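See below for the structure under consideration.
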Amino acid sequence: MKLPGFIKNNIVLKITSLNAVVIFIRLIVSVFIQRLLAVTVGEAGIANIGQIRNILAMLSSTSTLGTFSGIVKYVSEFKDNRSELTKVFSNATVFLIIGSVISFLVLFIGAEYFTRYVFDSIEYSYVFKLLAIIVPFIAFSRIISGVVSGLSDYKKYAKIELISYLLASLVLVIGLYTYNLDGVIIAIAIAPIIQLVTLILIFGKTLNLYVKFKNFKLNLGYRNSLLAFTLMSFVSAFLINFIELEIRTIVTEDINIKEAGYWTAINFISKNYMVFATGLFTLYVLPRFASIYNRVDFNKEVINIYKTILPIFFVGMVLVYLLRNYIIELIYPNFLGMEPLFKWQLLGDFIRLCALVLAYQFLAKKLVKSFVITELISLVLFYVLTKIFIGIYGTEGVVIAHFVRYIIYLIVVIIFVQIYYKRQSKIDAL
């Protein structure tokens with residue numbers, strides 16, 4: 001199938017259109033899976049599944065010491081310099097070994113503590129021991145994915161995402177019918193193994209072309225550069241999932257686990273359509289911003305991205321809101337408590353999208369202080385506002401906090417980007 005000319009000539013639309021096909025297929029499969037889970041394990045099961053997904057996301061950061069964005073940045077810069085690329089990859093491998101060993105020991109030794117903390121029960125201690133064993137697979141998967149993204153190989157990225165998701169979904173369904181909720185949790189835990197195998201099969205030969213494994217030696221030449229991304233990843237990947245885990249626990253304790261299930265469900269719908277943007281940001285925005293060095297080009301690129309993707313997201317989100325009752329009936333039958341959550345979640349996500357485009361400049365230019373400060377402001381706001389609003393509005397207070405937090409976050413990000421370019425113009429003037 002040939003792409004229309006206006007899409008072919010616009011790299012943002014080109015990636016977006018291909019990404020849309022993958023997201024659409026994933027969405028269809030996801031609707032089936034989520035409906036199956038909602039009917040089989042109920043609100044409490046959905047809440048527990050949300051906890052496991054947050055833990056996995058936290059491990060994707062700790063297992064590599066948060067080097068993913070750093071790999072994307074340096075691969076995009078050195079893709080024509082194979083020797084430097086090999087150094088970056090070998091340095092990331094050192095971080096992987098350290099992160100994986102620490103994560104393994106913490107999870108395996110503290111399995112009972114974590115299962116009590118997360119699930120208020122020792123029933124799932126085996127899951128944390130299983131996750132401990134799977135940690136290296138998570139780490140290698142993240143590093144190779146970083147190379148794919150850094151090369152902006154969006155065709156292979158789309159293929160990897162789709163195949164690994166479909167295989168993981170199949171394993172999840174088998175787990176559900178075999179061992180119910182336990183089977184689902186195990187299936188989610190082993191999903192990184194499926195992704196790593198898919199990555200190697202599809203991208204292995206390309207990786208071998210760019211990274212000279214014959215000359216591969218462990219080194220720490222890029223340790224300081226990558227450590228900056230470690231700090232940023234800790235804030236963005238680890239802390240955000242920790243906060244989500246905490247908020248789900250707060251909703252469970254202050255209201256009930258059914259309400260926690262409703263919030264997990266709306267959050268899952270949100271993450272499904274936000275994946276569309278995340279893929280575009282990783283494949284296009286981050287490498288593109290990394291190669292832009294002046295304010296004029298940056299502003300042009302931001303306007304281009306806004307003009308291209310914001311209208312698409314706006315229309316999509318309006319449709320989601322108008323069809324919210326049908327979506328609930330289709331995906332989460334009897335989860336009627338979700339309905340009031342849609343408005344605030346969608347508004348918050350749209351503002352978040354506007355802010356994220358600008359915030360990727362912090363990653364692209366390794367602006368550690370700017371990134372950490374803005375992310376911490378966002379996370380603290382989310383947690384504090386949730387604690388305040390939940391007592392007034394119940395579960396709806398969580399999504400209202402989500403909306404208010406991102407309005408403030410957008411303003412703060414704009415200020416920090418302006419400060420960066422004012423400093424740059426002074427430096428250039430010298």
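Chain lettering (A, B, ...) mirrors the order of the structure tokens, residue numbering begins at 1 for each chain separately, and ligand numbering begins at 1 in order of display.
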Problem set entry | Surrounding residues of stretch 84-94 of chain A excluding itself and chain neighbours under 3 positions, 10 Å, only C-alpha atoms, as a ChimeraX atom specification | /A:64-68,70-71,74-81,97-100,139-140,143-144,146-147,210-223,225-226
Exercise. Which neighbours of stretch 107-119 of chain A fall inside 6 Å, counting only C-alpha atoms, when residues of the same chain fewer than 5 positions from it are skipped, and could you give them as a list in words?
Worked result: Tyr124, Ser125, Phe128, Lys129 and Ala132 of chain A
Residues of the last selection are to be written out with C-alpha atoms, as an mmCIF file, in the first residue's frame.
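Saved the output as out37.cif:
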data_model
loop_
_atom_site.group_PDB
_atom_site.id
_atom_site.type_symbol
_atom_site.label_atom_id
_atom_site.label_comp_id
_atom_site.auth_asym_id
_atom_site.auth_seq_id
_atom_site.Cartn_x
_atom_site.Cartn_y
_atom_site.Cartn_z
ATOM 1 C CA TYR A 124 2.443 -12.959 45.447
ATOM 2 C CA SER A 125 5.984 -13.259 46.857
ATOM 3 C CA PHE A 128 8.823 -10.795 42.857
ATOM 4 C CA LYS A 129 11.287 -13.718 42.781
ATOM 5 C CA ALA A 132 14.187 -10.847 39.900
#
Which residues of stretch 216-284 of chain A have any atom within 12 Å of an atom in stretch 366-380 of chain A when counting only C-alpha atoms, and what is the closest pair of atoms for each, with the distance in Å to one decimal? Order the rows by chain and rising number and write it as a Markdown table.
| residue | atom | partner | partner_atom | distance |
| --- | --- | --- | --- | --- |
| A:Asn224 | CA | A:Lys366 | CA | 11.4 |
| A:Ser225 | CA | A:Lys366 | CA | 8.4 |
| A:Leu226 | CA | A:Lys366 | CA | 9.5 |
| A:Leu227 | CA | A:Val368 | CA | 10.0 |
| A:Ala228 | CA | A:Val368 | CA | 6.3 |
| A:Phe229 | CA | A:Lys366 | CA | 7.4 |
| A:Thr230 | CA | A:Val368 | CA | 9.8 |
| A:Leu231 | CA | A:Val372 | CA | 7.7 |
| A:Met232 | CA | A:Val372 | CA | 6.0 |
| A:Ser233 | CA | A:Val372 | CA | 9.2 |
| A:Phe234 | CA | A:Val372 | CA | 9.2 |
| A:Val235 | CA | A:Val372 | CA | 6.5 |
| A:Ser236 | CA | A:Glu375 | CA | 6.6 |
| A:Ala237 | CA | A:Glu375 | CA | 10.3 |
| A:Phe238 | CA | A:Leu379 | CA | 11.1 |
| A:Leu239 | CA | A:Leu379 | CA | 7.8 |
| A:Ile240 | CA | A:Leu379 | CA | 6.6 |
| A:Asn241 | CA | A:Leu379 | CA | 10.1 |
| A:Phe242 | CA | A:Leu379 | CA | 10.0 |
| A:Ile243 | CA | A:Leu379 | CA | 7.4 |
| A:Glu244 | CA | A:Leu379 | CA | 9.7 |
| A:Glu246 | CA | A:Leu379 | CA | 11.7 |
| A:Ile247 | CA | A:Leu379 | CA | 11.4 |
Exercise. If you count only C-alpha atoms, which residues fall within 12 Å of A:Ile200, apart from same-chain ones fewer than 4 positions away, as a ChimeraX atom specification?
Worked result: /A:137,140-145,147-148,156,160,164,193-196,204-208
So that I have them on file, write out the residues from the current selection with N, CA and C atoms, as a PDB file, in the first residue's frame.
ATOM      1  N   PHE A 137      16.680  -9.756  31.251  1.00  0.00           N
ATOM      2  CA  PHE A 137      15.954  -9.718  29.980  1.00  0.00           C
ATOM      3  C   PHE A 137      15.334  -8.329  29.749  1.00  0.00           C
ATOM      4  N   PHE A 140      18.374  -5.917  28.791  1.00  0.00           N
ATOM      5  CA  PHE A 140      18.864  -6.061  27.415  1.00  0.00           C
ATOM      6  C   PHE A 140      17.824  -5.565  26.407  1.00  0.00           C
ATOM      7  N   SER A 141      16.567  -5.810  26.707  1.00  0.00           N
ATOM      8  CA  SER A 141      15.490  -5.358  25.837  1.00  0.00           C
ATOM      9  C   SER A 141      15.489  -3.839  25.736  1.00  0.00           C
ATOM     10  N   ARG A 142      15.679  -3.160  26.865  1.00  0.00           N
ATOM     11  CA  ARG A 142      15.680  -1.691  26.877  1.00  0.00           C
ATOM     12  C   ARG A 142      16.864  -1.118  26.092  1.00  0.00           C
ATOM     13  N   ILE A 143      18.033  -1.727  26.239  1.00  0.00           N
ATOM     14  CA  ILE A 143      19.222  -1.213  25.566  1.00  0.00           C
ATOM     15  C   ILE A 143      19.095  -1.356  24.045  1.00  0.00           C
ATOM     16  N   ILE A 144      18.651  -2.539  23.601  1.00  0.00           N
ATOM     17  CA  ILE A 144      18.503  -2.759  22.153  1.00  0.00           C
ATOM     18  C   ILE A 144      17.403  -1.858  21.593  1.00  0.00           C
ATOM     19  N   SER A 145      16.311  -1.675  22.354  1.00  0.00           N
ATOM     20  CA  SER A 145      15.243  -0.759  21.925  1.00  0.00           C
ATOM     21  C   SER A 145      15.770   0.663  21.779  1.00  0.00           C
ATOM     22  N   VAL A 147      18.778   1.494  20.838  1.00  0.00           N
ATOM     23  CA  VAL A 147      19.518   1.562  19.575  1.00  0.00           C
ATOM     24  C   VAL A 147      18.552   1.711  18.402  1.00  0.00           C
ATOM     25  N   VAL A 148      17.461   0.925  18.414  1.00  0.00           N
ATOM     26  CA  VAL A 148      16.440   1.008  17.361  1.00  0.00           C
ATOM     27  C   VAL A 148      15.897   2.434  17.268  1.00  0.00           C
ATOM     28  N   LYS A 156      11.235  -1.065  11.590  1.00  0.00           N
ATOM     29  CA  LYS A 156      11.569  -2.206  12.454  1.00  0.00           C
ATOM     30  C   LYS A 156      10.946  -2.017  13.842  1.00  0.00           C
ATOM     31  N   ILE A 160       8.581  -4.728  15.594  1.00  0.00           N
ATOM     32  CA  ILE A 160       8.943  -5.291  16.905  1.00  0.00           C
ATOM     33  C   ILE A 160       7.813  -5.076  17.914  1.00  0.00           C
ATOM     34  N   SER A 164       5.796  -8.421  19.306  1.00  0.00           N
ATOM     35  CA  SER A 164       5.999  -8.723  20.733  1.00  0.00           C
ATOM     36  C   SER A 164       4.704  -8.538  21.521  1.00  0.00           C
ATOM     37  N   ILE A 193      10.783 -11.060  28.229  1.00  0.00           N
ATOM     38  CA  ILE A 193      11.530 -12.123  27.537  1.00  0.00           C
ATOM     39  C   ILE A 193      11.057 -12.222  26.092  1.00  0.00           C
ATOM     40  N   ILE A 194       9.738 -12.143  25.912  1.00  0.00           N
ATOM     41  CA  ILE A 194       9.150 -12.198  24.563  1.00  0.00           C
ATOM     42  C   ILE A 194       9.647 -11.025  23.734  1.00  0.00           C
ATOM     43  N   GLN A 195       9.683  -9.839  24.344  1.00  0.00           N
ATOM     44  CA  GLN A 195      10.131  -8.653  23.615  1.00  0.00           C
ATOM     45  C   GLN A 195      11.599  -8.757  23.220  1.00  0.00           C
ATOM     46  N   LEU A 196      12.435  -9.281  24.120  1.00  0.00           N
ATOM     47  CA  LEU A 196      13.862  -9.406  23.828  1.00  0.00           C
ATOM     48  C   LEU A 196      14.103 -10.382  22.674  1.00  0.00           C
ATOM     49  N   GLY A 204      18.557  -8.061  15.187  1.00  0.00           N
ATOM     50  CA  GLY A 204      19.885  -8.596  15.498  1.00  0.00           C
ATOM     51  C   GLY A 204      20.938  -8.297  14.449  1.00  0.00           C
ATOM     52  N   LYS A 205      20.618  -8.524  13.174  1.00  0.00           N
ATOM     53  CA  LYS A 205      21.582  -8.306  12.083  1.00  0.00           C
ATOM     54  C   LYS A 205      21.946  -6.825  11.952  1.00  0.00           C
ATOM     55  N   THR A 206      20.944  -5.957  12.079  1.00  0.00           N
ATOM     56  CA  THR A 206      21.194  -4.503  11.989  1.00  0.00           C
ATOM     57  C   THR A 206      22.074  -4.044  13.142  1.00  0.00           C
ATOM     58  N   LEU A 207      21.800  -4.547  14.333  1.00  0.00           N
ATOM     59  CA  LEU A 207      22.600  -4.200  15.514  1.00  0.00           C
ATOM     60  C   LEU A 207      24.052  -4.583  15.301  1.00  0.00           C
ATOM     61  N   ASN A 208      24.265  -5.745  14.702  1.00  0.00           N
ATOM     62  CA  ASN A 208      25.613  -6.252  14.443  1.00  0.00           C
ATOM     63  C   ASN A 208      26.371  -5.355  13.457  1.00  0.00           C
TER      64      ASN A 208
END
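Between A:Leu130 and the candidates A:Ile190, A:Ser63, A:Ile163, A:Val21, the tightest atom-to-atom separation, counting only C-alpha atoms, involves A:Ile190.
Compared by their closest atoms to A:Val275, and using only C-alpha atoms, the residues A:Arg295, A:Pro287, A:Phe24, A:Asn304 rank with A:Phe24 nearest.
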Counting only C-alpha atoms, which residues in stretch 346-400 of chain A sit no more than 12 Å from stretch 313-319 of chain A? For each one, give the nearest pair of atoms and the distance in Å, sorted by chain then residue number, as JSON lines.
{"residue": "A:Leu346", "atom": "CA", "partner": "A:Met317", "partner_atom": "CA", "distance": 6.4}
{"residue": "A:Leu347", "atom": "CA", "partner": "A:Met317", "partner_atom": "CA", "distance": 8.5}
{"residue": "A:Gly348", "atom": "CA", "partner": "A:Met317", "partner_atom": "CA", "distance": 10.9}
{"residue": "A:Asp349", "atom": "CA", "partner": "A:Met317", "partner_atom": "CA", "distance": 9.0}
{"residue": "A:Phe350", "atom": "CA", "partner": "A:Phe314", "partner_atom": "CA", "distance": 7.3}
{"residue": "A:Ile351", "atom": "CA", "partner": "A:Phe314", "partner_atom": "CA", "distance": 10.4}
{"residue": "A:Arg352", "atom": "CA", "partner": "A:Phe313", "partner_atom": "CA", "distance": 11.6}
{"residue": "A:Leu353", "atom": "CA", "partner": "A:Phe313", "partner_atom": "CA", "distance": 8.9}
{"residue": "A:Cys354", "atom": "CA", "partner": "A:Phe313", "partner_atom": "CA", "distance": 10.4}
Written selection (all heavy atoms) as a short mmCIF file (atom, residue, chain, number, x, y, z; two decimals), in the first residue's frame:
data_model
loop_
_atom_site.label_atom_id
_atom_site.label_comp_id
_atom_site.auth_asym_id
_atom_site.auth_seq_id
_atom_site.Cartn_x
_atom_site.Cartn_y
_atom_site.Cartn_z
N LEU A 346 -8.85 12.98 29.96
CA LEU A 346 -8.60 13.40 28.58
C LEU A 346 -8.05 14.82 28.50
O LEU A 346 -7.11 15.10 27.75
CB LEU A 346 -9.88 13.28 27.76
CG LEU A 346 -10.34 11.85 27.45
CD1 LEU A 346 -11.80 11.83 27.02
CD2 LEU A 346 -9.46 11.22 26.38
N LEU A 347 -8.63 15.73 29.28
CA LEU A 347 -8.13 17.11 29.32
C LEU A 347 -6.68 17.16 29.80
O LEU A 347 -5.83 17.85 29.21
CB LEU A 347 -9.01 17.97 30.23
CG LEU A 347 -10.39 18.37 29.69
CD1 LEU A 347 -11.24 18.99 30.79
CD2 LEU A 347 -10.25 19.34 28.51
N GLY A 348 -6.40 16.41 30.85
CA GLY A 348 -5.05 16.34 31.39
C GLY A 348 -4.06 15.77 30.38
O GLY A 348 -2.94 16.27 30.24
N ASP A 349 -4.48 14.72 29.66
CA ASP A 349 -3.60 14.08 28.68
C ASP A 349 -3.29 15.00 27.50
O ASP A 349 -2.18 14.97 26.96
CB ASP A 349 -4.21 12.78 28.17
CG ASP A 349 -4.10 11.65 29.18
OD1 ASP A 349 -3.28 11.77 30.11
OD2 ASP A 349 -4.83 10.65 29.05
N PHE A 350 -4.28 15.82 27.10
CA PHE A 350 -4.03 16.74 25.98
C PHE A 350 -3.01 17.81 26.38
O PHE A 350 -2.09 18.12 25.62
CB PHE A 350 -5.33 17.39 25.51
CG PHE A 350 -5.17 18.19 24.26
CD1 PHE A 350 -5.08 17.57 23.02
CD2 PHE A 350 -5.09 19.58 24.31
CE1 PHE A 350 -4.91 18.31 21.86
CE2 PHE A 350 -4.92 20.33 23.15
CZ PHE A 350 -4.82 19.69 21.92
N ILE A 351 -3.18 18.38 27.57
CA ILE A 351 -2.22 19.37 28.07
C ILE A 351 -0.85 18.71 28.24
O ILE A 351 0.19 19.30 27.93
CB ILE A 351 -2.68 19.97 29.42
CG1 ILE A 351 -4.07 20.62 29.28
CG2 ILE A 351 -1.67 20.99 29.94
CD1 ILE A 351 -4.13 21.78 28.33
N ARG A 352 -0.85 17.48 28.72
CA ARG A 352 0.40 16.73 28.90
C ARG A 352 1.14 16.57 27.58
O ARG A 352 2.37 16.73 27.50
CB ARG A 352 0.08 15.36 29.49
CG ARG A 352 1.30 14.47 29.69
CD ARG A 352 0.88 13.06 30.04
NE ARG A 352 2.01 12.19 30.19
CZ ARG A 352 1.94 10.86 30.21
NH1 ARG A 352 0.75 10.27 30.09
NH2 ARG A 352 3.01 10.12 30.35
N LEU A 353 0.40 16.26 26.52
CA LEU A 353 0.99 16.09 25.19
C LEU A 353 1.67 17.39 24.74
O LEU A 353 2.81 17.36 24.23
CB LEU A 353 -0.09 15.70 24.19
CG LEU A 353 0.35 15.41 22.76
CD1 LEU A 353 1.21 14.17 22.70
CD2 LEU A 353 -0.86 15.26 21.86
N CYS A 354 1.00 18.50 24.94
CA CYS A 354 1.58 19.81 24.58
C CYS A 354 2.88 20.06 25.34
O CYS A 354 3.87 20.56 24.77
CB CYS A 354 0.59 20.94 24.89
SG CYS A 354 -0.95 20.85 23.97
#
Problem set entry | Long-range neighbours of stretch 383-399 of chain A as an MDAnalysis selection string, 6 Å cut-off, only C-alpha atoms, 4 positions minimum in chain | chainID A and resid 341 344:345
For this session: Figure out the distance between atom CA of A:Thr278 and atom CA of A:Ile33, please, to one decimal in Å.
Result: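 It comes out at 21.7 Å.
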Problem set entry | Selection near A:Leu170, 12 Å with only C-alpha atoms, sequence-local residues under 5 positions removed, as number ranges by chain | A: 29-30, 32-33, 163-165, 175-177, 183-184, 187-188, 191, 194
Write out, as a tab-separated table (two decimals), in the first residue's frame, the residues just selected, with all heavy atoms.
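Final output, saved to part_20.tsv:
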chain	number	residue	atom	x	y	z
A	29	VAL	N	-6.69	-5.64	19.83
A	29	VAL	CA	-6.31	-6.76	20.70
A	29	VAL	C	-6.50	-6.37	22.16
A	29	VAL	O	-6.99	-7.15	22.98
A	29	VAL	CB	-4.84	-7.17	20.43
A	29	VAL	CG1	-4.40	-8.27	21.40
A	29	VAL	CG2	-4.68	-7.64	18.99
A	30	SER	N	-6.12	-5.13	22.49
A	30	SER	CA	-6.22	-4.65	23.87
A	30	SER	C	-7.66	-4.62	24.36
A	30	SER	O	-7.93	-4.95	25.51
A	30	SER	CB	-5.61	-3.25	23.96
A	30	SER	OG	-5.70	-2.75	25.27
A	32	PHE	N	-10.07	-6.55	23.42
A	32	PHE	CA	-10.44	-7.95	23.69
A	32	PHE	C	-9.85	-8.42	25.01
A	32	PHE	O	-10.55	-9.02	25.84
A	32	PHE	CB	-9.94	-8.84	22.54
A	32	PHE	CG	-10.03	-10.31	22.81
A	32	PHE	CD1	-11.25	-10.97	22.79
A	32	PHE	CD2	-8.89	-11.04	23.12
A	32	PHE	CE1	-11.34	-12.33	23.07
A	32	PHE	CE2	-8.96	-12.39	23.39
A	32	PHE	CZ	-10.19	-13.04	23.36
A	33	ILE	N	-8.55	-8.15	25.22
A	33	ILE	CA	-7.85	-8.59	26.44
A	33	ILE	C	-8.46	-7.93	27.68
A	33	ILE	O	-8.74	-8.60	28.68
A	33	ILE	CB	-6.34	-8.26	26.36
A	33	ILE	CG1	-5.68	-9.03	25.22
A	33	ILE	CG2	-5.66	-8.55	27.69
A	33	ILE	CD1	-5.53	-10.50	25.41
A	163	ILE	N	4.64	-7.39	16.91
A	163	ILE	CA	4.83	-8.84	17.10
A	163	ILE	C	4.97	-9.18	18.57
A	163	ILE	O	4.35	-10.14	19.06
A	163	ILE	CB	6.04	-9.34	16.29
A	163	ILE	CG1	5.75	-9.23	14.79
A	163	ILE	CG2	6.38	-10.78	16.65
A	163	ILE	CD1	6.94	-9.52	13.89
A	164	SER	N	5.80	-8.42	19.31
A	164	SER	CA	6.00	-8.72	20.73
A	164	SER	C	4.70	-8.54	21.52
A	164	SER	O	4.40	-9.32	22.43
A	164	SER	CB	7.12	-7.85	21.32
A	164	SER	OG	6.81	-6.48	21.20
A	165	TYR	N	3.91	-7.51	21.15
A	165	TYR	CA	2.64	-7.28	21.85
A	165	TYR	C	1.65	-8.41	21.60
A	165	TYR	O	0.99	-8.89	22.53
A	165	TYR	CB	2.04	-5.95	21.41
A	165	TYR	CG	0.75	-5.61	22.13
A	165	TYR	CD1	0.78	-5.09	23.43
A	165	TYR	CD2	-0.49	-5.83	21.54
A	165	TYR	CE1	-0.39	-4.81	24.11
A	165	TYR	CE2	-1.67	-5.53	22.21
A	165	TYR	CZ	-1.61	-5.02	23.50
A	165	TYR	OH	-2.77	-4.75	24.17
A	175	GLY	N	-2.44	-17.79	30.08
A	175	GLY	CA	-2.27	-17.71	31.53
A	175	GLY	C	-3.58	-17.50	32.26
A	175	GLY	O	-3.83	-18.12	33.30
A	176	LEU	N	-4.45	-16.65	31.69
A	176	LEU	CA	-5.75	-16.37	32.30
A	176	LEU	C	-6.61	-17.63	32.35
A	176	LEU	O	-7.21	-17.93	33.39
A	176	LEU	CB	-6.47	-15.28	31.50
A	176	LEU	CG	-7.89	-14.91	31.95
A	176	LEU	CD1	-7.88	-14.33	33.35
A	176	LEU	CD2	-8.52	-13.92	30.97
A	177	TYR	N	-6.67	-18.35	31.25
A	177	TYR	CA	-7.51	-19.55	31.21
A	177	TYR	C	-6.92	-20.73	31.97
A	177	TYR	O	-7.62	-21.65	32.36
A	177	TYR	CB	-7.78	-19.96	29.75
A	177	TYR	CG	-8.88	-19.14	29.12
A	177	TYR	CD1	-8.61	-18.25	28.08
A	177	TYR	CD2	-10.20	-19.23	29.58
A	177	TYR	CE1	-9.62	-17.48	27.51
A	177	TYR	CE2	-11.20	-18.46	29.02
A	177	TYR	CZ	-10.91	-17.59	27.99
A	177	TYR	OH	-11.92	-16.84	27.43
A	183	GLY	N	-2.06	-16.55	36.63
A	183	GLY	CA	-1.54	-16.77	35.28
A	183	GLY	C	-1.33	-15.47	34.53
A	183	GLY	O	-0.35	-15.32	33.78
A	184	VAL	N	-2.25	-14.51	34.73
A	184	VAL	CA	-2.13	-13.20	34.08
A	184	VAL	C	-0.89	-12.47	34.60
A	184	VAL	O	-0.11	-11.91	33.82
A	184	VAL	CB	-3.39	-12.34	34.35
A	184	VAL	CG1	-3.19	-10.91	33.85
A	184	VAL	CG2	-4.60	-12.96	33.67
A	187	ALA	N	2.20	-14.00	33.19
A	187	ALA	CA	2.31	-13.65	31.77
A	187	ALA	C	2.86	-12.23	31.60
A	187	ALA	O	3.71	-11.98	30.73
A	187	ALA	CB	0.95	-13.78	31.09
A	188	ILE	N	2.38	-11.30	32.43
A	188	ILE	CA	2.86	-9.91	32.36
A	188	ILE	C	4.34	-9.86	32.76
A	188	ILE	O	5.14	-9.13	32.15
A	188	ILE	CB	2.02	-8.99	33.27
A	188	ILE	CG1	0.59	-8.86	32.70
A	188	ILE	CG2	2.66	-7.61	33.40
A	188	ILE	CD1	-0.39	-8.21	33.64
A	191	ALA	N	6.66	-11.05	29.90
A	191	ALA	CA	6.55	-10.31	28.63
A	191	ALA	C	7.89	-9.74	28.15
A	191	ALA	O	8.16	-9.75	26.94
A	191	ALA	CB	5.51	-9.19	28.76
A	194	ILE	N	9.74	-12.14	25.91
A	194	ILE	CA	9.15	-12.20	24.56
A	194	ILE	C	9.65	-11.02	23.73
A	194	ILE	O	10.02	-11.18	22.57
A	194	ILE	CB	7.61	-12.20	24.65
A	194	ILE	CG1	7.11	-13.46	25.35
A	194	ILE	CG2	6.98	-12.08	23.26
A	194	ILE	CD1	5.64	-13.43	25.74
Exercise. What gap, in Å, lies between atom CA of A:Tyr409 and atom CA of A:Leu381?
Worked result: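 For atom CA of A:Tyr409 relative to atom CA of A:Leu381, the distance reads 9.0 Å.
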For this session: Write out as a ChimeraX atom specification all residues of stretch 331-394 of chain A that backbone DSSP assigns to alpha helix (DSSP H).
Result: /A:331,341-364,368-393
Exercise. Do you have the atom CA of A:Val413-atom CA of A:Asn299 distance handy?
Worked result: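 Going from atom CA of A:Val413 over to atom CA of A:Asn299 covers 14.3 Å.
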